[in-house]
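Student: Encoded as structure tokens, here's the structure I'll be asking about.
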Amino acid sequence: MTIDAAEASPRPTETPWRHFAAEFRASPPAVFGLLLLAAVVVVALAAPLIAPQNPYNLAQLDVLDAGMPPGSKGAGGMTFWLGTDGQGRDMLSAIFYGLRISLVVGVTATLIALAIGLVAGLTAAYAGGRVDTVLMRLVDIQLSFPAILIALILIAMLGQGTGKVIAALVTVQWAYYARTVRGAALVEKRREYIEAARGLALSPSRIVVHHLLPNCLPPVLVVATVQVAAAIALEATLSFLGLGLPVTEPSLGLLIANGYQYLLSGRYWISFFPGVALVVTIVGINLVGDQLRDIQNPRLRT
Amino acid sequence: MLVEIIRRGLSSVVVLFAMSLFVFAGVYAIGNPVDILISPQADPIEREQAIAALGLDKPLPEQYAGFLRGAMTGDLGKSFVHGTPALALVVERMPATLELAVAAMLIAVTLGIPLGLYAGLRPHGIAGRTIMAGSILGFSLPTFWVGLMLIVVFSVMLGWLPASGRGPVTLLFGVLPVSFLSLAGLAHLILPATNLALFKLALLIRLTRAGTREALTQDYVKYARAKGLKPARIIGVHVLSNIMLPIVTVTGLEFGSVMAFAIVTESVFAWPGMGKLLIDSINLLDRPVIVAYLLVIVAIFIGINLAVDLVYAALDPRVRVAEAA
Amino acid sequence: MVTDATAANAPLLAVEALATHFAMRAGVVHAIEDVSFTVARGEILGLVGESGSGKSMTGYSIMGLVDPPGRIVRGGVAFDGVEITALPPAQMRELRGNRIAMIFQDPMMTLNPVLTIRTQMVEAIHAHRSVSSDMALEEARAALAKVGIAAPDARLTAYPHQLSGGTRQRVAIAIALLNRPELIIADEPTTALDVTIQGQILHEMQKQVRDAGTALIWITHDLSVVAGLADRVCVMYAGRIVEAGAVGDVLAHPRHPYTQGLIDSVPARAPRGARLRQIPGMPPSALDPPPGCAFRDRCTFADAACDVMPALRTLGDPVRAQSARCHHPLDQGTA
């Protein structure tokens, strides 16, 4: 009697992805966060296309438009929905461009730090012994100092500039990834299939990359999501202090800094709206990250 | 107990040493040491003289030894901008930062623990959920921006509080310059302290809530109810005494971080503390002051970590008694 | 209101058709169902059952310590004539630790690790009576001495983790006795202790309750413990009482196949070298249980009649009051 092929291998009704998506959907704040995030990313990517004005094209600016409150109309007939800054730039456009820069810098720094942390953590976990101890001591010491301090020290030593800011952000973050990866890798290392792989005399690099790595990724990705928000916030803080990105690449932090001097005269919108954009981004990321973490580790669900 | 103190003290000295090496490397070895230590306005002859005077033509290990010798006696060079000893400048500004940090910590603790406790006891009520949502906002909102908005609302729009600066200063115990003893001083202190407290407040609320939720599931709570104790006593004595330990530890450790984060708040509110000095120095390329600040803050950090370790060991009856046994 | 004439004869505790359920995401867990028994003043009742049989939950239900998502859904508990399941929390609190005391299984978990023994004893007194701190301390000291703890002063200033398991449990017993309760519910108080200490604690409890005339419900999974201690015994299985009666009667001629199985599986009863007897199978899940006798899958006498849940019926001589929940009760010996 032949067995029907379809019956022999029953198709799973729920793949891991579907299950994950269902769990994610279950939390309204997380979905809300995802929507916020999606909106932010779309705006950032499409900034040149959807911004009413290119705020860095000096030809488009008219100094007569400077310092106008939200909703007012400019000399050229354009409506400044969020007002203008001290040079007559449309705040809405400036924010679109600023979002872009903030996101790019934050994500870039996170990705680089993630890569470094992965390498360090996997090495520490797989090599064990002295290498592990030394690396983790380094991680511990670095993590016991606040991020802002480390970033400031680095900027003070290296000087300013986009690359240096990213370097500072990377330095601040890598240790956190290294520790998370090492933890996850150590757990995986003890599992039988790793013993089996070693027994088969597979090269260490193959074992690490093909076996350890994929299983360490979920917790690390959760950490990375939340860390992007932290990186964006840190870059904004540095830019506000005048020690971050150069004026040619005005992130949201710099926009807020520009508005500082106008606060006392009551022109709050120059600092207010970029801040709101920043908050929306960070809150969106945090909401999504929180839910990811809860899904990944149901024990922590409150 | 004594063994513990000595052991931790030694490891702290090691870390301090390592940090001094790191700072030295950063300032003297990376980049052009000449540019870093000698004012950029000096002309070539002055540079030659300065190089010789600062010993920059000597080999690195000798320079480090000189650096250490200077550090031991408190000589960390002179500020380029002010011409006065760098260390003295930093130390002079320390009380202002301390006052701000302590005020912020007090706000965070007195508000955070009760709110977190409440949220832990009634997690599903509206108040509990609002508190938690608020705490998410608390550490999502960038501190500097909140500071700016506080100024806009309370200084510009409402005119209740001053926008910047520190109030009049009186000497506490005849030595420590503090500003909170006068009404004007308090008025200047409130906004920056609140701003600085926000992040820690959110953290404490979440920590206390988590600790409370966990404590409530423990058997000793059920047993306390079986003894017929009043809920107020169960929460106030049994639950609280169990969650206080991790909270005190975290609070202590976070204090160092608050001192560092004061950098931002001091910049926003033009508060004349160490942090503002640091930012000004970075902008003016006043490297000796930067070095002095770093060493001071690292020393404070290590001191705090050590103190918290010791306090924890003294407070936890399980640790305390185990060592005595 | 209970009149004087009936007071002496009326049971101290009367549990009537008590049912406690837990509403979980997966369904409703029937922790205990249709539980009825009485405890007379000064009587020692053994509540025997394996893990998950509902014996601990019965104790919690009586004390009013069932936490959401669990709650008492049916039945009642009458203490000294008063229905306590409906009492407002403040009045229930007055009973707990005062007229009804509870001893838990693992004192390391139930004593607060960061408070001294003295604090935890004195607060139990102050919760119900206003006495001076000195008086309370004296009472605590006396209570510790009474349960056989030497050097009580040293113990009072100690923290729970500094005491041995046996001493901790003695402290728990002392706390239970502080306010001279009329009923003590002891939930497996010796299970977490060394075998050598178990006997001591057992003996201590027996002495205390006999001396003071306190009623005791001793919850355990160990039949042999009950044999030497209790006056009456209730056997629980899958949330229900399946057999009840005087200890001697139930052990000598059990009526429910489960009870028989329990007795047979006690290692001491097996001849040397012979295989230890077990009841085959596992207890059913308490989640949305199907109708019918819960034991039928493991019972050699089960038949179609067992598709209906049997009621707890008195068998034989009504004075001896031995009852079993079975369609085919074992017919051993007389009555």
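Lettering and numbering for the structure tokens are positional, with chains as A, B, ... in the shown order, residues counted from 1 in each chain, and ligands counted from 1 in the shown order.
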Would you please extract all alpha helix (DSSP H) residues from stretch 168-297 of chain C, as assigned by DSSP on the backbone, and give them as JSON, numbers by chain?

Tutor: {"C": [168, 169, 170, 171, 172, 173, 174, 175, 176, 177, 195, 196, 197, 198, 199, 200, 201, 202, 203, 204, 205, 206, 207, 208, 209, 210, 211, 212, 223, 224, 225, 226, 227, 228, 229, 247, 248, 249, 250, 251, 252, 257, 258, 259, 260, 261, 262, 263, 264]}

Student: Now that the selection is made, can you save its residues with N, CA and C atoms as a compact mmCIF listing (two decimals), in the first residue's frame?

Tutor:
# COMPACT_ATOMS: atom_id res chain seq x y z
N ARG C 168 14.21 25.49 62.60
CA ARG C 168 13.31 26.44 61.94
C ARG C 168 11.87 25.97 62.05
N GLN C 169 11.67 24.69 61.85
CA GLN C 169 10.31 24.18 61.91
C GLN C 169 9.77 24.25 63.33
N ARG C 170 10.64 24.05 64.30
CA ARG C 170 10.19 24.22 65.69
C ARG C 170 9.77 25.66 65.94
N VAL C 171 10.52 26.57 65.35
CA VAL C 171 10.15 27.99 65.48
C VAL C 171 8.77 28.21 64.86
N ALA C 172 8.55 27.61 63.70
CA ALA C 172 7.25 27.77 63.04
C ALA C 172 6.13 27.22 63.91
N ILE C 173 6.41 26.09 64.57
CA ILE C 173 5.40 25.52 65.47
C ILE C 173 5.17 26.48 66.64
N ALA C 174 6.27 27.00 67.17
CA ALA C 174 6.13 27.93 68.29
C ALA C 174 5.28 29.13 67.90
N ILE C 175 5.54 29.67 66.70
CA ILE C 175 4.75 30.83 66.24
C ILE C 175 3.28 30.46 66.14
N ALA C 176 3.02 29.23 65.64
CA ALA C 176 1.63 28.82 65.49
C ALA C 176 0.94 28.75 66.85
N LEU C 177 1.70 28.39 67.90
CA LEU C 177 1.08 28.20 69.21
C LEU C 177 0.96 29.48 70.02
N VAL C 195 15.12 12.72 57.74
CA VAL C 195 14.29 11.66 58.32
C VAL C 195 14.43 11.61 59.83
N THR C 196 15.66 11.82 60.30
CA THR C 196 15.87 11.72 61.74
C THR C 196 15.13 12.82 62.50
N ILE C 197 15.01 14.00 61.87
CA ILE C 197 14.33 15.11 62.53
C ILE C 197 12.82 14.97 62.44
N GLN C 198 12.39 14.31 61.37
CA GLN C 198 10.96 14.20 61.15
C GLN C 198 10.24 13.65 62.37
N GLY C 199 10.82 12.57 62.88
CA GLY C 199 10.19 11.93 64.02
C GLY C 199 10.09 12.88 65.21
N GLN C 200 11.17 13.66 65.43
CA GLN C 200 11.15 14.58 66.55
C GLN C 200 10.04 15.62 66.42
N ILE C 201 9.94 16.19 65.21
CA ILE C 201 8.94 17.23 65.00
C ILE C 201 7.54 16.66 65.17
N LEU C 202 7.36 15.47 64.63
CA LEU C 202 6.07 14.80 64.73
C LEU C 202 5.68 14.67 66.20
N HIS C 203 6.62 14.19 66.96
CA HIS C 203 6.38 13.97 68.37
C HIS C 203 6.08 15.28 69.08
N GLU C 204 6.84 16.32 68.70
CA GLU C 204 6.66 17.64 69.31
C GLU C 204 5.26 18.17 69.07
N MET C 205 4.82 18.07 67.80
CA MET C 205 3.49 18.56 67.45
C MET C 205 2.43 17.80 68.23
N GLN C 206 2.59 16.50 68.27
CA GLN C 206 1.59 15.70 68.96
C GLN C 206 1.47 16.13 70.41
N LYS C 207 2.62 16.30 71.03
CA LYS C 207 2.63 16.70 72.43
C LYS C 207 1.92 18.03 72.63
N GLN C 208 2.29 18.99 71.78
CA GLN C 208 1.73 20.34 71.95
C GLN C 208 0.22 20.34 71.84
N VAL C 209 -0.28 19.67 70.81
CA VAL C 209 -1.74 19.77 70.60
C VAL C 209 -2.50 18.96 71.65
N ARG C 210 -1.93 17.85 72.09
CA ARG C 210 -2.63 17.09 73.13
C ARG C 210 -2.67 17.88 74.41
N ASP C 211 -1.52 18.50 74.73
CA ASP C 211 -1.48 19.27 75.98
C ASP C 211 -2.48 20.41 75.97
N ALA C 212 -2.57 21.10 74.82
CA ALA C 212 -3.41 22.29 74.79
C ALA C 212 -4.82 22.01 74.32
N LEU C 223 1.33 8.07 54.44
CA LEU C 223 0.33 7.37 55.25
C LEU C 223 0.89 6.95 56.60
N SER C 224 2.15 6.54 56.61
CA SER C 224 2.70 6.00 57.85
C SER C 224 2.76 7.06 58.93
N VAL C 225 2.92 8.32 58.52
CA VAL C 225 2.93 9.41 59.50
C VAL C 225 1.58 9.49 60.19
N VAL C 226 0.56 9.41 59.37
CA VAL C 226 -0.80 9.55 59.88
C VAL C 226 -1.15 8.43 60.85
N ALA C 227 -0.60 7.26 60.57
CA ALA C 227 -0.95 6.10 61.38
C ALA C 227 -0.70 6.33 62.85
N GLY C 228 0.46 6.89 63.18
CA GLY C 228 0.78 7.04 64.59
C GLY C 228 0.21 8.31 65.22
N LEU C 229 -0.27 9.22 64.41
CA LEU C 229 -0.58 10.55 64.91
C LEU C 229 -2.07 10.85 65.00
N VAL C 247 -8.72 6.34 61.89
CA VAL C 247 -7.44 5.88 61.34
C VAL C 247 -7.32 4.36 61.37
N GLY C 248 -7.66 3.80 62.52
CA GLY C 248 -7.55 2.35 62.66
C GLY C 248 -8.39 1.63 61.62
N ASP C 249 -9.63 2.10 61.43
CA ASP C 249 -10.54 1.46 60.49
C ASP C 249 -10.01 1.54 59.06
N VAL C 250 -9.63 2.76 58.67
CA VAL C 250 -9.23 2.94 57.28
C VAL C 250 -7.97 2.12 56.96
N LEU C 251 -7.05 2.10 57.90
CA LEU C 251 -5.81 1.37 57.61
C LEU C 251 -6.00 -0.15 57.69
N ALA C 252 -6.86 -0.57 58.60
CA ALA C 252 -7.06 -2.01 58.74
C ALA C 252 -7.93 -2.55 57.62
N PRO C 257 -10.28 1.45 46.48
CA PRO C 257 -9.09 0.80 45.89
C PRO C 257 -7.84 1.67 45.95
N TYR C 258 -7.99 2.97 45.88
CA TYR C 258 -6.82 3.84 45.94
C TYR C 258 -6.15 3.76 47.30
N THR C 259 -6.99 3.78 48.35
CA THR C 259 -6.44 3.67 49.70
C THR C 259 -5.67 2.37 49.86
N GLN C 260 -6.28 1.30 49.32
CA GLN C 260 -5.62 0.00 49.39
C GLN C 260 -4.27 0.06 48.69
N GLY C 261 -4.28 0.69 47.52
CA GLY C 261 -3.04 0.83 46.77
C GLY C 261 -1.99 1.61 47.55
N LEU C 262 -2.44 2.69 48.23
CA LEU C 262 -1.50 3.49 49.03
C LEU C 262 -0.88 2.65 50.14
N ILE C 263 -1.74 1.89 50.80
CA ILE C 263 -1.25 1.08 51.93
C ILE C 263 -0.26 0.05 51.43
N ASP C 264 -0.62 -0.58 50.30
CA ASP C 264 0.27 -1.62 49.77
C ASP C 264 1.62 -1.07 49.35

Student: Could you build a table of the residues in chain B lying no more than 9 Å from chain A, giving for each the nearest pair of atoms and their separation in Å rounded to one decimal place, using only C-alpha atoms, ordered by chain and ascending residue number, as a Markdown table?

Tutor:
| residue | atom | partner | partner_atom | distance |
| --- | --- | --- | --- | --- |
| B:Val15 | CA | A:Ile141 | CA | 8.2 |
| B:Val23 | CA | A:Ile153 | CA | 8.8 |
| B:Gly26 | CA | A:Met157 | CA | 6.0 |
| B:Val27 | CA | A:Met157 | CA | 6.6 |
| B:Ile30 | CA | A:Met157 | CA | 7.7 |
| B:Gly31 | CA | A:Leu158 | CA | 7.6 |
| B:Ile36 | CA | A:Met157 | CA | 8.8 |
| B:Pro123 | CA | A:Thr302 | CA | 8.8 |
| B:Ile136 | CA | A:Val283 | CA | 7.7 |
| B:Leu137 | CA | A:Val283 | CA | 7.1 |
| B:Ser140 | CA | A:Val283 | CA | 5.7 |
| B:Leu141 | CA | A:Val279 | CA | 5.7 |
| B:Pro142 | CA | A:Ala233 | CA | 6.2 |
| B:Thr143 | CA | A:Thr237 | CA | 8.2 |
| B:Phe144 | CA | A:Thr237 | CA | 6.8 |
| B:Trp145 | CA | A:Gly275 | CA | 6.2 |
| B:Val146 | CA | A:Gly275 | CA | 8.5 |
| B:Leu148 | CA | A:Tyr260 | CA | 7.4 |
| B:Met149 | CA | A:Phe272 | CA | 7.2 |
| B:Ile151 | CA | A:Leu263 | CA | 7.9 |
| B:Val152 | CA | A:Leu263 | CA | 6.4 |
| B:Ser155 | CA | A:Leu264 | CA | 8.2 |
| B:Val156 | CA | A:Leu264 | CA | 6.1 |
| B:Met157 | CA | A:Gly266 | CA | 7.6 |
| B:Ala163 | CA | A:Leu264 | CA | 8.3 |
| B:Ala210 | CA | A:Thr302 | CA | 8.0 |
| B:Arg213 | CA | A:Thr302 | CA | 8.3 |
| B:Leu253 | CA | A:Ser144 | CA | 8.8 |
| B:Gly256 | CA | A:Pro146 | CA | 8.2 |
| B:Ser257 | CA | A:Pro146 | CA | 5.5 |
| B:Val258 | CA | A:Pro146 | CA | 8.8 |
| B:Ala260 | CA | A:Leu149 | CA | 6.3 |
| B:Phe261 | CA | A:Ile148 | CA | 6.9 |
| B:Ile263 | CA | A:Ile148 | CA | 8.7 |
| B:Val264 | CA | A:Leu241 | CA | 7.4 |
| B:Ser267 | CA | A:Leu241 | CA | 7.4 |
| B:Val268 | CA | A:Tyr260 | CA | 8.5 |
| B:Ile279 | CA | A:Leu241 | CA | 7.4 |
| B:Ile282 | CA | A:Ala156 | CA | 6.0 |
| B:Asn283 | CA | A:Leu243 | CA | 7.9 |
| B:Leu285 | CA | A:Ala156 | CA | 8.3 |
| B:Arg287 | CA | A:Ala156 | CA | 8.3 |
| B:Ile290 | CA | A:Ala156 | CA | 7.9 |
| B:Leu294 | CA | A:Ile153 | CA | 7.8 |
| B:Val298 | CA | A:Phe145 | CA | 8.5 |
| B:Phe301 | CA | A:Phe145 | CA | 7.8 |
| B:Asn305 | CA | A:Ser144 | CA | 8.9 |

Student: Only N, CA and C atoms, please: the residues just picked out, written as a compact mmCIF listing (two decimals), in the first residue's frame.

Tutor:
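What follows is the written file again.txt:
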# COMPACT_ATOMS: atom_id res chain seq x y z
N VAL B 15 42.31 49.47 39.30
CA VAL B 15 41.50 50.11 38.27
C VAL B 15 41.91 51.57 38.10
N VAL B 23 44.22 57.39 30.43
CA VAL B 23 44.16 58.84 30.21
C VAL B 23 45.50 59.35 29.69
N GLY B 26 45.83 58.48 26.16
CA GLY B 26 44.97 59.30 25.33
C GLY B 26 45.54 60.69 25.11
N VAL B 27 46.05 61.27 26.17
CA VAL B 27 46.49 62.66 26.06
C VAL B 27 47.92 62.77 25.54
N ILE B 30 48.42 59.38 21.99
CA ILE B 30 47.61 59.47 20.77
C ILE B 30 47.64 60.92 20.28
N GLY B 31 47.65 61.05 19.03
CA GLY B 31 47.66 62.40 18.50
C GLY B 31 48.98 63.06 18.82
N ILE B 36 48.43 68.90 22.03
CA ILE B 36 47.48 68.66 23.11
C ILE B 36 47.84 69.45 24.35
N PRO B 123 -0.76 46.31 39.68
CA PRO B 123 -0.22 46.50 38.33
C PRO B 123 -1.28 46.68 37.25
N ILE B 136 8.31 54.62 30.96
CA ILE B 136 8.88 54.41 29.63
C ILE B 136 9.24 55.76 29.02
N LEU B 137 8.31 56.72 29.17
CA LEU B 137 8.61 58.06 28.67
C LEU B 137 9.84 58.62 29.37
N SER B 140 12.85 57.42 27.75
CA SER B 140 12.92 57.63 26.31
C SER B 140 13.18 59.09 25.98
N LEU B 141 12.69 59.99 26.85
CA LEU B 141 12.86 61.40 26.56
C LEU B 141 14.31 61.80 26.77
N PRO B 142 14.92 62.43 25.77
CA PRO B 142 16.32 62.85 25.93
C PRO B 142 16.40 63.94 27.00
N THR B 143 17.31 63.74 27.94
CA THR B 143 17.38 64.65 29.08
C THR B 143 17.53 66.10 28.69
N PHE B 144 18.40 66.37 27.74
CA PHE B 144 18.67 67.77 27.42
C PHE B 144 17.45 68.46 26.85
N TRP B 145 16.68 67.73 26.07
CA TRP B 145 15.50 68.33 25.47
C TRP B 145 14.43 68.60 26.54
N VAL B 146 14.28 67.67 27.45
CA VAL B 146 13.34 67.89 28.55
C VAL B 146 13.75 69.13 29.33
N LEU B 148 15.31 71.74 28.23
CA LEU B 148 14.94 72.91 27.45
C LEU B 148 13.45 73.19 27.58
N MET B 149 12.66 72.17 27.51
CA MET B 149 11.21 72.35 27.60
C MET B 149 10.81 72.83 28.98
N ILE B 151 12.57 74.74 30.83
CA ILE B 151 12.87 76.17 30.84
C ILE B 151 11.76 76.93 30.13
N VAL B 152 11.35 76.42 28.98
CA VAL B 152 10.30 77.11 28.21
C VAL B 152 9.03 77.25 29.05
N SER B 155 10.05 78.89 33.01
CA SER B 155 10.72 80.19 33.08
C SER B 155 10.11 81.19 32.14
N VAL B 156 9.97 80.74 30.86
CA VAL B 156 9.52 81.70 29.86
C VAL B 156 8.01 81.90 29.93
N MET B 157 7.27 80.81 29.89
CA MET B 157 5.81 80.96 29.83
C MET B 157 5.21 81.29 31.17
N ALA B 163 15.77 80.66 34.75
CA ALA B 163 16.12 79.77 33.63
C ALA B 163 17.50 79.16 33.76
N ALA B 210 9.29 45.84 39.74
CA ALA B 210 9.69 44.46 39.49
C ALA B 210 9.99 43.74 40.80
N ARG B 213 6.71 43.01 42.62
CA ARG B 213 5.94 41.92 42.03
C ARG B 213 6.55 40.59 42.44
N LEU B 253 25.14 52.80 43.04
CA LEU B 253 25.95 52.70 41.83
C LEU B 253 25.53 53.76 40.82
N GLY B 256 27.11 57.64 40.73
CA GLY B 256 28.25 58.04 39.91
C GLY B 256 27.78 58.44 38.52
N SER B 257 26.85 57.66 38.00
CA SER B 257 26.34 57.95 36.67
C SER B 257 25.61 59.29 36.67
N VAL B 258 24.94 59.60 37.77
CA VAL B 258 24.26 60.89 37.87
C VAL B 258 25.27 62.03 37.85
N ALA B 260 28.07 62.03 36.42
CA ALA B 260 28.57 62.19 35.05
C ALA B 260 27.51 62.83 34.17
N PHE B 261 26.26 62.40 34.32
CA PHE B 261 25.22 62.93 33.46
C PHE B 261 24.91 64.38 33.76
N ILE B 263 26.76 66.57 33.46
CA ILE B 263 27.41 67.34 32.40
C ILE B 263 26.37 67.99 31.51
N VAL B 264 25.40 67.20 31.09
CA VAL B 264 24.40 67.69 30.15
C VAL B 264 23.51 68.74 30.82
N SER B 267 25.04 71.99 31.32
CA SER B 267 25.14 72.78 30.09
C SER B 267 23.83 73.45 29.77
N VAL B 268 22.75 72.73 29.93
CA VAL B 268 21.44 73.30 29.60
C VAL B 268 21.11 74.46 30.53
N ILE B 279 32.83 70.67 29.45
CA ILE B 279 32.38 71.02 28.10
C ILE B 279 33.11 72.27 27.60
N ILE B 282 36.60 71.32 26.67
CA ILE B 282 36.71 70.58 25.41
C ILE B 282 36.59 71.55 24.26
N ASN B 283 35.67 72.49 24.37
CA ASN B 283 35.48 73.45 23.29
C ASN B 283 36.67 74.39 23.15
N LEU B 285 39.70 73.57 24.01
CA LEU B 285 40.92 72.77 23.91
C LEU B 285 41.82 72.93 25.13
N ARG B 287 43.27 71.17 27.48
CA ARG B 287 43.47 69.75 27.79
C ARG B 287 43.80 69.43 29.23
N ILE B 290 40.76 68.96 31.10
CA ILE B 290 40.04 67.73 30.72
C ILE B 290 40.64 66.54 31.45
N LEU B 294 38.79 64.11 34.19
CA LEU B 294 38.65 62.68 33.99
C LEU B 294 39.17 61.90 35.18
N VAL B 298 36.86 59.61 37.59
CA VAL B 298 37.15 58.19 37.70
C VAL B 298 37.37 57.82 39.14
N PHE B 301 34.10 57.63 40.88
CA PHE B 301 33.42 56.42 40.48
C PHE B 301 33.89 55.21 41.25
N ASN B 305 31.82 52.84 43.86
CA ASN B 305 31.67 51.39 43.71
C ASN B 305 32.14 50.66 44.95

Student: Can you list every residue in stretch 77-216 of chain B that DSSP puts in strand (DSSP E), as an NGL selection string?

Tutor: :B and (170-172 or 176-178)

Student: Would you save the residues from that selection as a PDB file, in the first residue's frame, using N, CA and C atoms?

Tutor:
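Full text of out.pdb as output:
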ATOM      1  N   THR B 170      25.798  79.696  50.415  1.00  0.00           N
ATOM      2  CA  THR B 170      26.231  79.847  51.804  1.00  0.00           C
ATOM      3  C   THR B 170      27.120  78.659  52.148  1.00  0.00           C
ATOM      4  N   LEU B 171      27.888  78.810  53.202  1.00  0.00           N
ATOM      5  CA  LEU B 171      28.808  77.735  53.551  1.00  0.00           C
ATOM      6  C   LEU B 171      28.196  76.806  54.577  1.00  0.00           C
ATOM      7  N   LEU B 172      28.066  75.533  54.219  1.00  0.00           N
ATOM      8  CA  LEU B 172      27.535  74.542  55.139  1.00  0.00           C
ATOM      9  C   LEU B 172      28.674  74.048  56.013  1.00  0.00           C
ATOM     10  N   LEU B 176      31.508  73.785  53.125  1.00  0.00           N
ATOM     11  CA  LEU B 176      30.941  73.356  51.854  1.00  0.00           C
ATOM     12  C   LEU B 176      29.985  74.422  51.300  1.00  0.00           C
ATOM     13  N   PRO B 177      30.270  74.938  50.115  1.00  0.00           N
ATOM     14  CA  PRO B 177      29.376  75.938  49.537  1.00  0.00           C
ATOM     15  C   PRO B 177      28.105  75.298  48.975  1.00  0.00           C
ATOM     16  N   VAL B 178      26.962  75.588  49.584  1.00  0.00           N
ATOM     17  CA  VAL B 178      25.709  75.029  49.077  1.00  0.00           C
ATOM     18  C   VAL B 178      24.721  76.155  48.810  1.00  0.00           C
TER      19      VAL B 178
END

Student: Can you tell me which residues surround stretch 52-64 of chain C at a distance of at most 9 Å, considering only C-alpha atoms, apart from same-chain residues fewer than 2 positions away, and format the answer as a VMD selection string?

Tutor: (chain B and resid 226) or (chain C and resid 15 18 to 20 30 to 33 35 47 to 50 66 to 67 71 to 72 76 to 77 84 to 85 89 92 95 to 96 100 to 102 185 to 188 217 219 to 221 235 to 240 283 285 to 286)

Student: With a cut-off of 7 Å and counting only C-alpha atoms, select all residues of chain C in contact with chain B and give the selection as JSON, numbers by chain.

Tutor: {"C": [93, 94, 96, 97, 101, 102, 109, 110, 111, 112, 114, 124, 127]}

Student: Please identify all polymer residues within 8 Å of A:Ala231, counting only C-alpha atoms, omitting same-chain residues fewer than 2 positions from it, and present them as a tab-separated table (two decimals) with C-alpha atoms, in the first residue's frame.

Tutor:
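And here's result04.tsv as it stands now:
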chain	number	residue	atom	x	y	z
A	106	GLY	CA	22.53	55.60	15.03
A	107	VAL	CA	21.98	52.51	12.91
A	109	ALA	CA	27.10	52.81	14.86
A	110	THR	CA	24.89	50.02	16.19
A	169	LEU	CA	29.18	55.48	19.75
A	227	GLN	CA	20.54	50.10	21.60
A	228	VAL	CA	19.74	51.91	18.37
A	229	ALA	CA	17.49	54.17	20.42
A	233	ALA	CA	19.84	59.64	21.98
A	234	LEU	CA	23.55	59.75	22.76
A	235	GLU	CA	24.41	61.26	19.40

Student: Would you list the contacts of A:Asn57 as a count of residues only, taking every protein, DNA or RNA residue within 12 Å and counting only C-alpha atoms, but skipping same-chain residues closer than 3 positions in sequence?

Tutor: 13

Student: Distance atom CA of B:Ala88-atom CA of B:Tyr293, one decimal place?

Tutor: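 Spanning atom CA of B:Ala88 to atom CA of B:Tyr293 is a straight-line distance of 10.2 Å.
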
Student: Would you mind reading off the distance between atom CA of C:Pro160 and atom CA of C:Asn179, one decimal, in Å?

Tutor: 21.2 Å

Student: Can you measure atom CA of B:Lys200 to atom CA of B:Ala108 for me? One decimal in Å is fine.

Tutor: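 These atoms are spaced 5.9 Å apart.
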